[in-house]
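One file, start-v7.cif, carrying mmCIF, C-alpha atoms and all ligand atoms:
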data_structure
loop_
_atom_site.label_atom_id
_atom_site.label_comp_id
_atom_site.auth_asym_id
_atom_site.auth_seq_id
_atom_site.Cartn_x
_atom_site.Cartn_y
_atom_site.Cartn_z
CA MET A 1 35.47 -1.32 -87.79
CA SER A 2 32.02 -2.68 -88.53
CA LEU A 3 29.87 -3.55 -85.54
CA ARG A 4 28.88 -6.68 -87.42
CA ASP A 5 32.48 -7.80 -87.62
CA PRO A 6 32.61 -11.14 -85.78
CA GLU A 7 36.24 -10.45 -85.01
CA HIS A 8 35.17 -7.58 -82.78
CA PRO A 9 31.93 -8.61 -81.16
CA VAL A 10 30.26 -6.24 -78.76
CA ASN A 11 29.51 -7.18 -75.19
CA LEU A 12 25.78 -6.64 -74.73
CA MET A 13 26.39 -6.18 -71.00
CA ASP A 14 28.08 -2.87 -71.83
CA TYR A 15 24.84 -1.29 -73.07
CA ASP A 16 21.90 0.32 -71.35
CA LYS A 17 18.55 0.34 -73.11
CA GLY A 18 19.09 3.65 -74.90
CA MET A 19 22.48 2.58 -76.23
CA LEU A 20 21.13 -0.77 -77.31
CA ARG A 21 18.21 0.86 -79.16
CA THR A 22 20.65 3.01 -81.10
CA TRP A 23 22.83 0.02 -81.81
CA PHE A 24 19.91 -2.07 -83.10
CA GLU A 25 18.81 0.83 -85.30
CA GLN A 26 22.31 1.09 -86.75
CA GLN A 27 22.14 -2.61 -87.57
CA GLY A 28 18.83 -2.13 -89.41
CA GLU A 29 16.91 -3.92 -86.64
CA LYS A 30 13.83 -2.80 -84.75
CA PRO A 31 14.84 -0.66 -81.75
CA PHE A 32 12.30 -2.42 -79.47
CA ARG A 33 14.61 -5.44 -79.57
CA ALA A 34 16.60 -3.50 -76.98
CA THR A 35 13.84 -3.86 -74.39
CA GLN A 36 13.56 -7.58 -75.07
CA ILE A 37 17.28 -8.18 -74.74
CA ILE A 38 17.63 -6.00 -71.64
CA SER A 39 14.85 -7.82 -69.86
CA TRP A 40 16.21 -11.25 -70.82
CA ILE A 41 19.68 -10.46 -69.59
CA HIS A 42 19.01 -8.31 -66.55
CA GLN A 43 15.49 -9.03 -65.38
CA ARG A 44 15.46 -12.74 -66.04
CA GLY A 45 19.17 -13.35 -65.75
CA GLU A 46 19.31 -15.24 -69.05
CA LEU A 47 22.60 -15.24 -70.95
CA ASP A 48 21.84 -17.96 -73.50
CA PHE A 49 20.53 -16.52 -76.77
CA ASP A 50 18.76 -19.80 -77.57
CA ALA A 51 16.54 -19.36 -74.53
CA MET A 52 15.39 -15.90 -75.70
CA THR A 53 12.31 -17.34 -77.31
CA ASP A 54 10.57 -14.14 -78.35
CA LEU A 55 13.44 -13.36 -80.73
CA SER A 56 13.36 -14.96 -84.17
CA LYS A 57 15.84 -17.76 -84.85
CA PRO A 58 17.81 -15.79 -87.46
CA LEU A 59 18.11 -12.86 -85.06
CA ARG A 60 19.35 -15.14 -82.28
CA LYS A 61 21.89 -16.67 -84.61
CA TRP A 62 23.09 -13.28 -85.74
CA LEU A 63 23.41 -12.07 -82.14
CA GLN A 64 25.36 -15.19 -81.28
CA GLU A 65 27.77 -14.58 -84.10
CA SER A 66 28.24 -10.86 -83.73
CA THR A 67 27.93 -10.22 -80.01
CA HIS A 68 28.70 -11.81 -76.66
CA ILE A 69 27.57 -11.41 -73.06
CA SER A 70 30.51 -11.41 -70.68
CA LEU A 71 30.79 -10.98 -66.93
CA PRO A 72 33.47 -11.00 -64.25
CA ALA A 73 34.22 -14.45 -62.80
CA VAL A 74 33.90 -15.28 -59.11
CA ALA A 75 37.31 -16.10 -57.60
CA SER A 76 36.20 -16.65 -54.00
CA SER A 77 33.49 -15.84 -51.50
CA GLU A 78 33.26 -15.36 -47.76
CA LEU A 79 30.32 -15.29 -45.37
CA SER A 80 30.49 -13.26 -42.15
CA SER A 81 28.86 -14.39 -38.92
CA ASP A 82 26.49 -11.39 -39.30
CA GLY A 83 25.30 -12.53 -42.75
CA THR A 84 27.47 -10.10 -44.73
CA ARG A 85 28.95 -11.69 -47.83
CA LYS A 86 32.03 -10.68 -49.75
CA TRP A 87 33.05 -11.93 -53.19
CA LEU A 88 36.39 -11.53 -54.86
CA LEU A 89 35.86 -11.16 -58.60
CA GLU A 90 38.34 -11.74 -61.33
CA LEU A 91 38.19 -9.57 -64.41
CA GLU A 92 39.31 -10.05 -67.97
CA GLY A 93 42.96 -9.31 -68.43
CA GLY A 94 43.49 -10.94 -65.06
CA PRO A 95 46.11 -13.27 -63.67
CA GLN A 96 47.11 -15.17 -66.80
CA ASN A 97 48.20 -12.21 -68.84
CA GLN A 98 48.17 -9.20 -66.53
CA PRO A 99 48.24 -9.84 -62.83
CA GLY A 100 46.01 -8.18 -60.38
CA ASN A 101 42.67 -7.31 -61.99
CA ARG A 102 40.56 -8.26 -59.04
CA ILE A 103 37.78 -6.40 -57.29
CA GLU A 104 35.52 -7.02 -54.34
CA MET A 105 31.79 -6.66 -53.87
CA VAL A 106 29.88 -6.94 -50.62
CA PHE A 107 26.27 -7.76 -49.72
CA ILE A 108 24.98 -6.44 -46.41
CA PRO A 109 21.62 -7.82 -45.27
CA GLU A 110 19.59 -5.79 -42.79
CA GLU A 111 16.10 -6.25 -41.43
CA THR A 112 14.35 -4.04 -43.92
CA ARG A 113 16.78 -3.96 -46.81
CA GLY A 114 19.72 -5.63 -48.49
CA THR A 115 22.53 -3.47 -49.79
CA LEU A 116 25.03 -4.40 -52.48
CA CYS A 117 28.28 -2.48 -52.33
CA VAL A 118 29.69 -2.24 -55.86
CA SER A 119 33.19 -1.37 -57.10
CA SER A 120 33.86 1.07 -59.95
CA GLN A 121 37.62 0.78 -60.48
CA VAL A 122 40.40 -1.74 -59.92
CA GLY A 123 42.24 -0.01 -57.08
CA CYS A 124 41.93 3.75 -56.63
CA GLY A 125 44.16 6.72 -57.37
CA LEU A 126 42.90 9.15 -54.75
CA ASP A 127 45.20 8.06 -51.95
CA CYS A 128 42.90 8.79 -48.97
CA SER A 129 45.14 8.24 -45.97
CA PHE A 130 42.77 5.91 -44.04
CA CYS A 131 41.60 3.63 -46.85
CA ALA A 132 42.91 0.15 -47.67
CA THR A 133 42.07 0.39 -51.37
CA ALA A 134 44.35 3.44 -51.67
CA ARG A 135 47.34 1.25 -50.86
CA GLN A 136 47.06 -0.52 -54.18
CA GLY A 137 47.09 2.57 -56.29
CA PHE A 138 45.03 2.80 -59.45
CA ASN A 139 44.97 -0.01 -61.94
CA ARG A 140 42.10 0.65 -64.35
CA ASN A 141 38.48 1.67 -64.77
CA LEU A 142 35.82 -1.01 -64.84
CA SER A 143 33.73 -1.34 -67.99
CA THR A 144 29.95 -0.95 -67.77
CA ALA A 145 29.68 -4.74 -68.06
CA GLU A 146 31.98 -5.16 -65.09
CA ILE A 147 29.99 -2.69 -62.98
CA ILE A 148 26.48 -3.94 -63.79
CA GLY A 149 27.87 -7.48 -63.95
CA GLN A 150 28.40 -7.26 -60.18
CA LEU A 151 24.67 -6.77 -59.61
CA TRP A 152 23.84 -9.49 -62.14
CA LEU A 153 26.21 -11.92 -60.42
CA ALA A 154 25.19 -11.01 -56.87
CA ARG A 155 21.55 -11.73 -57.68
CA GLN A 156 22.46 -15.15 -59.07
CA LEU A 157 24.85 -15.95 -56.23
CA LEU A 158 22.33 -14.96 -53.56
CA ALA A 159 19.63 -17.01 -55.25
CA GLU A 160 21.99 -20.01 -55.31
CA ALA A 161 22.78 -19.44 -51.63
CA GLY A 162 19.06 -19.55 -50.83
CA VAL A 163 18.99 -15.89 -49.78
CA GLY A 164 16.88 -14.89 -52.79
CA GLY A 165 17.97 -12.80 -55.74
CA ASP A 166 15.45 -10.10 -54.83
CA ALA A 167 17.19 -9.60 -51.48
CA ILE A 168 19.12 -6.72 -53.06
CA THR A 169 17.00 -3.62 -52.52
CA ASN A 170 19.77 -1.01 -52.56
CA VAL A 171 22.99 -0.49 -54.46
CA VAL A 172 25.77 1.76 -53.20
CA MET A 173 28.79 2.64 -55.33
CA MET A 174 30.98 2.39 -52.24
CA GLY A 175 33.26 -0.46 -53.16
CA MET A 176 36.72 -0.03 -54.61
CA GLY A 177 37.45 3.06 -56.68
CA GLU A 178 36.11 6.54 -57.33
CA PRO A 179 32.91 6.17 -59.40
CA LEU A 180 32.89 9.76 -60.67
CA LEU A 181 36.32 9.27 -62.25
CA ASN A 182 34.74 6.51 -64.35
CA PHE A 183 31.64 8.43 -65.34
CA ARG A 184 31.31 7.18 -68.90
CA ASN A 185 31.09 3.54 -67.87
CA LEU A 186 29.20 4.25 -64.66
CA LEU A 187 26.24 6.02 -66.23
CA PRO A 188 24.85 3.14 -68.33
CA ALA A 189 25.22 0.86 -65.28
CA LEU A 190 23.20 3.31 -63.15
CA ASN A 191 20.57 3.51 -65.90
CA LEU A 192 20.25 -0.27 -65.91
CA MET A 193 19.93 -0.40 -62.12
CA MET A 194 16.94 1.96 -62.31
CA ASP A 195 15.41 0.61 -65.55
CA ASP A 196 12.08 -1.17 -64.96
CA HIS A 197 13.01 -3.67 -67.69
CA ALA A 198 16.28 -4.43 -65.90
CA TYR A 199 16.67 -4.14 -62.10
CA GLY A 200 13.96 -1.57 -61.41
CA LEU A 201 15.53 -0.02 -58.32
CA SER A 202 14.16 3.36 -57.32
CA LYS A 203 16.43 6.37 -57.66
CA ARG A 204 16.57 6.75 -53.89
CA ARG A 205 17.96 3.24 -53.58
CA VAL A 206 20.91 3.75 -55.89
CA THR A 207 23.69 5.81 -54.31
CA VAL A 208 26.85 7.15 -55.86
CA SER A 209 29.54 7.90 -53.28
CA THR A 210 32.34 10.31 -54.14
CA ALA A 211 35.41 11.66 -52.42
CA GLY A 212 34.44 15.01 -53.97
CA ILE A 213 34.96 15.19 -57.74
CA VAL A 214 33.18 18.51 -58.26
CA PRO A 215 32.68 18.38 -62.08
CA GLY A 216 31.54 14.76 -61.68
CA ILE A 217 28.83 15.80 -59.20
CA ASP A 218 27.54 18.34 -61.72
CA ARG A 219 27.59 15.79 -64.52
CA LEU A 220 25.73 13.32 -62.35
CA ARG A 221 23.05 15.94 -61.70
CA GLU A 222 22.66 16.58 -65.42
CA HIS A 223 22.33 12.93 -66.36
CA THR A 224 20.67 10.99 -63.54
CA ASP A 225 18.54 11.10 -60.48
CA VAL A 226 20.49 8.87 -58.13
CA ALA A 227 21.20 9.61 -54.49
CA LEU A 228 24.51 11.33 -53.76
CA ALA A 229 26.87 10.54 -50.89
CA VAL A 230 29.99 12.61 -50.27
CA SER A 231 32.92 11.32 -48.25
CA LEU A 232 33.64 14.44 -46.23
CA HIS A 233 35.63 13.31 -43.15
CA ALA A 234 36.79 16.81 -42.22
CA ALA A 235 35.21 20.27 -42.04
CA ASN A 236 38.31 22.39 -42.64
CA ASP A 237 40.68 22.40 -45.61
CA PRO A 238 44.02 21.75 -43.86
CA LEU A 239 42.70 18.58 -42.20
CA ARG A 240 40.79 17.41 -45.26
CA ASP A 241 43.88 17.99 -47.43
CA LYS A 242 45.61 15.39 -45.27
CA LEU A 243 42.82 12.84 -45.12
CA VAL A 244 41.47 13.21 -48.66
CA PRO A 245 44.27 14.67 -50.84
CA LEU A 246 41.71 15.33 -53.60
CA ASN A 247 40.64 18.26 -51.42
CA ARG A 248 43.65 20.22 -52.68
CA LYS A 249 42.07 20.16 -56.11
CA PHE A 250 38.46 20.66 -55.03
CA PRO A 251 38.45 22.46 -51.66
CA LEU A 252 35.47 22.49 -49.31
CA VAL A 253 33.91 25.70 -50.56
CA GLU A 254 33.69 24.29 -54.10
CA LEU A 255 32.58 20.87 -52.93
CA LEU A 256 29.78 22.30 -50.79
CA ALA A 257 28.64 24.52 -53.65
CA ALA A 258 28.37 21.44 -55.90
CA CYS A 259 26.36 19.67 -53.18
CA ARG A 260 23.97 22.61 -52.97
CA ARG A 261 23.53 22.51 -56.75
CA TYR A 262 22.78 18.78 -56.58
CA VAL A 263 19.79 19.26 -54.31
CA GLU A 264 18.60 22.58 -55.73
CA GLY A 265 15.08 22.46 -57.09
CA TYR A 266 14.29 19.10 -55.48
CA GLN A 267 12.02 19.09 -52.45
CA LYS A 268 13.11 15.76 -51.06
CA ARG A 269 16.67 15.41 -52.21
CA ARG A 270 19.42 15.37 -49.59
CA VAL A 271 23.13 14.72 -49.72
CA THR A 272 24.50 12.07 -47.40
CA PHE A 273 27.79 13.17 -45.87
CA GLU A 274 30.01 10.32 -44.78
CA TYR A 275 32.40 11.02 -41.95
CA VAL A 276 34.83 8.36 -40.81
CA MET A 277 35.58 8.83 -37.09
CA LEU A 278 39.34 8.84 -36.43
CA ALA A 279 40.34 9.00 -32.77
CA GLY A 280 41.88 12.35 -31.84
CA ILE A 281 42.01 13.48 -35.47
CA ASN A 282 38.52 14.60 -36.46
CA ASP A 283 36.22 13.34 -33.67
CA GLN A 284 36.27 16.04 -31.00
CA LEU A 285 33.53 18.50 -30.13
CA GLU A 286 35.35 21.34 -31.88
CA HIS A 287 35.22 19.28 -35.08
CA ALA A 288 31.50 18.64 -34.66
CA LYS A 289 30.92 22.38 -34.25
CA GLU A 290 32.92 23.15 -37.35
CA LEU A 291 31.00 20.49 -39.30
CA ALA A 292 27.61 21.78 -38.17
CA THR A 293 28.54 25.29 -39.28
CA LEU A 294 29.97 24.14 -42.61
CA LEU A 295 26.80 22.24 -43.55
CA GLU A 296 24.35 24.95 -42.57
CA GLY A 297 21.59 25.28 -45.14
CA VAL A 298 22.53 22.11 -47.08
CA PRO A 299 19.68 19.58 -47.02
CA CYS A 300 21.58 16.55 -45.81
CA LYS A 301 22.06 13.70 -43.42
CA ILE A 302 25.32 12.79 -41.78
CA ASN A 303 26.57 9.25 -41.59
CA LEU A 304 29.26 8.76 -38.95
CA ILE A 305 31.37 5.72 -39.87
CA PRO A 306 33.45 3.88 -37.28
CA PHE A 307 36.98 3.67 -38.67
CA ASN A 308 37.84 0.14 -39.75
CA PRO A 309 41.48 -0.57 -39.16
CA PHE A 310 43.71 -2.74 -41.35
CA PRO A 311 47.31 -3.86 -40.96
CA GLY A 312 49.91 -1.10 -40.89
CA ILE A 313 47.52 1.84 -40.61
CA GLY A 314 48.32 4.49 -38.00
CA TYR A 315 44.75 5.59 -37.16
CA GLN A 316 42.46 4.34 -34.44
CA ARG A 317 38.71 4.06 -34.18
CA SER A 318 37.04 6.77 -32.05
CA THR A 319 35.76 5.67 -28.68
CA GLU A 320 32.05 4.99 -28.52
CA SER A 321 31.60 7.85 -26.10
CA ASP A 322 33.34 10.34 -28.43
CA ALA A 323 31.27 9.12 -31.38
CA LEU A 324 28.04 9.45 -29.38
CA LYS A 325 28.94 12.95 -28.17
CA PHE A 326 29.76 13.96 -31.73
CA GLY A 327 26.45 12.61 -33.03
CA ASP A 328 24.45 14.15 -30.17
CA TYR A 329 25.94 17.55 -30.84
CA LEU A 330 25.00 17.37 -34.52
CA MET A 331 21.47 16.34 -33.64
CA LYS A 332 21.18 19.25 -31.22
CA ARG A 333 22.14 21.52 -34.09
CA GLY A 334 19.21 20.05 -36.03
CA TYR A 335 20.98 17.51 -38.24
CA VAL A 336 19.97 13.94 -38.95
CA ALA A 337 23.06 12.02 -37.89
CA THR A 338 23.47 8.26 -37.64
CA ILE A 339 26.35 6.13 -36.51
CA ARG A 340 26.83 3.39 -39.06
CA LYS A 341 26.98 -0.14 -37.75
CA THR A 342 30.12 -1.84 -38.87
CA ARG A 343 29.42 -5.08 -40.71
CA GLY A 344 31.43 -7.97 -42.00
CA ASN A 345 34.48 -7.15 -39.88
CA ASP A 346 35.45 -10.79 -39.50
CA ILE A 347 35.86 -11.16 -43.26
CA ALA A 348 37.45 -7.71 -43.88
CA ALA A 349 34.34 -6.62 -45.76
CA ALA A 350 33.77 -3.37 -43.86
CA CYS A 351 34.13 0.09 -45.42
CA GLY A 352 37.64 0.88 -46.44
CA GLN A 353 38.88 -2.68 -46.04
CA LEU A 354 38.36 -3.80 -49.61
CA ALA A 355 41.80 -4.72 -50.75
CA GLY A 356 41.17 -7.40 -53.32
CA LYS A 357 44.81 -8.43 -53.45
CA VAL A 358 45.57 -6.22 -56.42
CA ALA A 359 49.19 -5.70 -57.33
CA ASP A 360 50.48 -2.53 -55.62
CA ARG A 361 51.42 -0.13 -58.37
CA SER A 362 51.35 2.98 -56.23
CA HIS A 363 54.71 2.55 -54.52
CA ARG A 364 52.99 4.38 -51.73
CA HIS A 365 54.77 2.35 -49.12
CA LEU A 366 58.12 3.09 -50.69
CA ARG A 367 57.33 6.79 -50.91
CA PHE A 368 56.49 6.70 -47.23
CA VAL A 369 59.80 5.02 -46.43
CA GLU A 370 61.59 7.63 -48.48
CA GLN A 371 59.93 10.52 -46.69
CA ARG A 372 60.48 9.09 -43.26
CA PHE A 373 63.99 7.86 -43.59
CA GLY A 374 65.39 9.75 -46.54
CA THR A 375 66.29 6.56 -48.37
CA THR A 376 66.29 6.65 -52.11
CA VAL A 377 64.26 3.78 -53.42
CA SER A 378 64.15 3.15 -57.12
N1 LIG B 1 35.73 6.84 -53.68
C1 LIG B 1 34.37 6.87 -53.21
C2 LIG B 1 33.82 5.49 -53.04
C3 LIG B 1 34.49 4.66 -51.98
S1 LIG B 1 33.31 4.53 -50.75
C4 LIG B 1 34.30 7.69 -51.93
O1 LIG B 1 35.34 8.10 -51.45
O2 LIG B 1 33.20 7.97 -51.47
C5 LIG B 1 34.06 3.97 -49.43
C6 LIG B 1 33.59 4.71 -48.20
O3 LIG B 1 34.29 4.12 -47.11
C7 LIG B 1 34.02 6.16 -48.22
O4 LIG B 1 33.15 6.99 -47.50
C8 LIG B 1 35.34 6.08 -47.52
O5 LIG B 1 35.75 7.32 -47.05
C9 LIG B 1 35.04 5.08 -46.43
N2 LIG B 1 36.24 4.47 -45.89
C10 LIG B 1 37.42 4.31 -46.50
N3 LIG B 1 38.31 3.71 -45.67
C11 LIG B 1 37.66 3.48 -44.52
C12 LIG B 1 38.04 2.85 -43.30
N4 LIG B 1 39.24 2.34 -43.13
N5 LIG B 1 37.11 2.76 -42.33
C13 LIG B 1 35.87 3.25 -42.51
N6 LIG B 1 35.46 3.83 -43.65
C14 LIG B 1 36.34 3.96 -44.64
#
Taking this structure as input, can you express it in the form of structure tokens?
Amino acid sequence: MSLRDPEHPVNLMDYDKGMLRTWFEQQGEKPFRATQIISWIHQRGELDFDAMTDLSKPLRKWLQESTHISLPAVASSELSSDGTRKWLLELEGGPQNQPGNRIEMVFIPEETRGTLCVSSQVGCGLDCSFCATARQGFNRNLSTAEIIGQLWLARQLLAEAGVGGDAITNVVMMGMGEPLLNFRNLLPALNLMMDDHAYGLSKRRVTVSTAGIVPGIDRLREHTDVALAVSLHAANDPLRDKLVPLNRKFPLVELLAACRRYVEGYQKRRVTFEYVMLAGINDQLEHAKELATLLEGVPCKINLIPFNPFPGIGYQRSTESDALKFGDYLMKRGYVATIRKTRGNDIAAACGQLAGKVADRSHRHLRFVEQRFGTTVS
């Protein structure tokens, strides 16, 4: 299939600068066109080829005929009393012909920064027992255009809302999905986030969060410089097997080794360990001790996350006093530990609550019924 074939136009949103340079070269064009296009689309937010005035008219016409620039559509938006915003986005292949391709993104304003929480997959296949997204099962990976398109859209939407498009200072891949299981499409999006001709975010302000895909952590280290967050939640294998079933594939000893490799050779690099506090499950002093011992020698900080409940979930949030004791103990052992403030609760925008109303393909609920009651459900 020829790339010039108008029947199969490329989506320019799918390309980072390096890919676009190669593509232009293959078309017999000057590779520096890539920088021009990237800065029009991502820095200036321009999607209309006719407005790209430093490109010649024939080139604009050719781009119009042989390429397109496509983004997710906004289905709805909500504003929390604390300023947090959540958007439900509709992707191609959505309701008309294939129900359920919807994702959520969240903007969290704070005094000194504004964080955009970006999704990487429709649904998620990892089945963490405390997470709302897990209930939907996995639907599909997002394309690069759909990942970077979230940042593009959020900047426009915030500008329209009078918040200012430059209010986004940080991006965290902590929305729906497991980013490291969508590495191929994730990487160009990360490159664009950090590209000075696109969004120009510093590498410390772009964070990839993983439930612990060990080969993915190594790949990330080889290809980028972003900050790494690991959703740990337990410091021993039997408990982590229950909370994060992926642990059976990549147990703690392997995960911690990958974390050590990620920071090796970098003076300032640290891994952020996320730890959702579940009352009576992983929030007692004995757990804090185990955690402190497990992380010895790993340059890190620990982010304690209050559990955010959702309908039908059996866990409860730790008491404030248990969470404080847990954090104090870690600090006494020399760790930097913070208790994350929960934001956007009134619009179900908090961690682990992103549900996006995707069709449930996991049959998780039915499996649960089967296990509990021995019923055979087809
Ligand atoms: N799959 C990646 C990205 C999702 S990030 C990962 O696991 O890191 C979402 C973060 O929110 C993770 O740290 C996840 O463990 C946490 N989380 C999930 N459900 C939650 C809930 N109900 N309450 C609080 N945090 C939750």
Close residues, region 164-169 of chain A itself excluded, 8 Å, only C-alpha atoms, min 5 positions apart in chain, as a list in words: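 Residues near the query, excluding close chain neighbours: Phe107, Pro109, Arg113, Gly114, Thr115, Leu116, Ala154, Arg155, Gln156, Leu157, Leu158, Ala159, Leu201 and Arg205 of chain A.
The interatomic distance for the pair CA of Arg343 (chain A) and CA of Ala323 (chain A) works out to 17.1 Å.
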Skip Phe183 (chain A) itself and residues of its chain fewer than 5 positions away, then list as a list of chain:residue names all residues within 9 Å of it, counting all atoms listed in the file.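 Using all atoms listed in the file, the neighbours found are A:Gly216, A:Arg219, A:Leu220.
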I'd like the interatomic distance between CA of Leu278 (chain A) and CA of Arg317 (chain A), to a tenth of an Å.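 About the pair CA of Leu278 (chain A) and CA of Arg317 (chain A): they are 5.3 Å apart.
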For CA of Asp328 (chain A) and CA of Val263 (chain A), determine how far apart the two atoms are, in Å to one decimal place. 25.1 Å
With only C-alpha atoms and all ligand atoms counted, collect every polymer residue having an atom within 6 Å of ligand LIG 1 (chain B); state the result as a ChimeraX atom specification. /A:130-131,174-178,209-211,230-231,274,276,305-309,351-353
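Excluding Ala234 (chain A) itself and any same-chain residue fewer than 6 positions from it, the protein and nucleic acid residues within 8 Å of it, counting only C-alpha atoms, are A:Arg240, A:Leu243, A:Tyr275, A:Asn282, A:His287, A:Leu291.
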Selection near Met13 (chain A), 7 Å with all atoms listed in the file, sequence-local residues under 6 positions removed, as a ChimeraX atom specification: /A:69-70,145
Close residues, Asp241 (chain A) itself excluded, 10 Å, all atoms listed in the file, min 3 positions apart in chain, as a PyMOL selection string: chain A and resi 128-129+234+236-238+244-252
Using all atoms listed in the file, the shortest atom-to-atom distance to Leu330 (chain A) among A:Gln136, A:Thr144, A:Ser56, A:Thr293 belongs to A:Thr293
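Distance annotation: of A:Met105, A:Ile213, A:Leu232, A:Pro72, the residue with the minimal separation from Pro179 (chain A) is A:Ile213; atom set is all atoms listed in the file.
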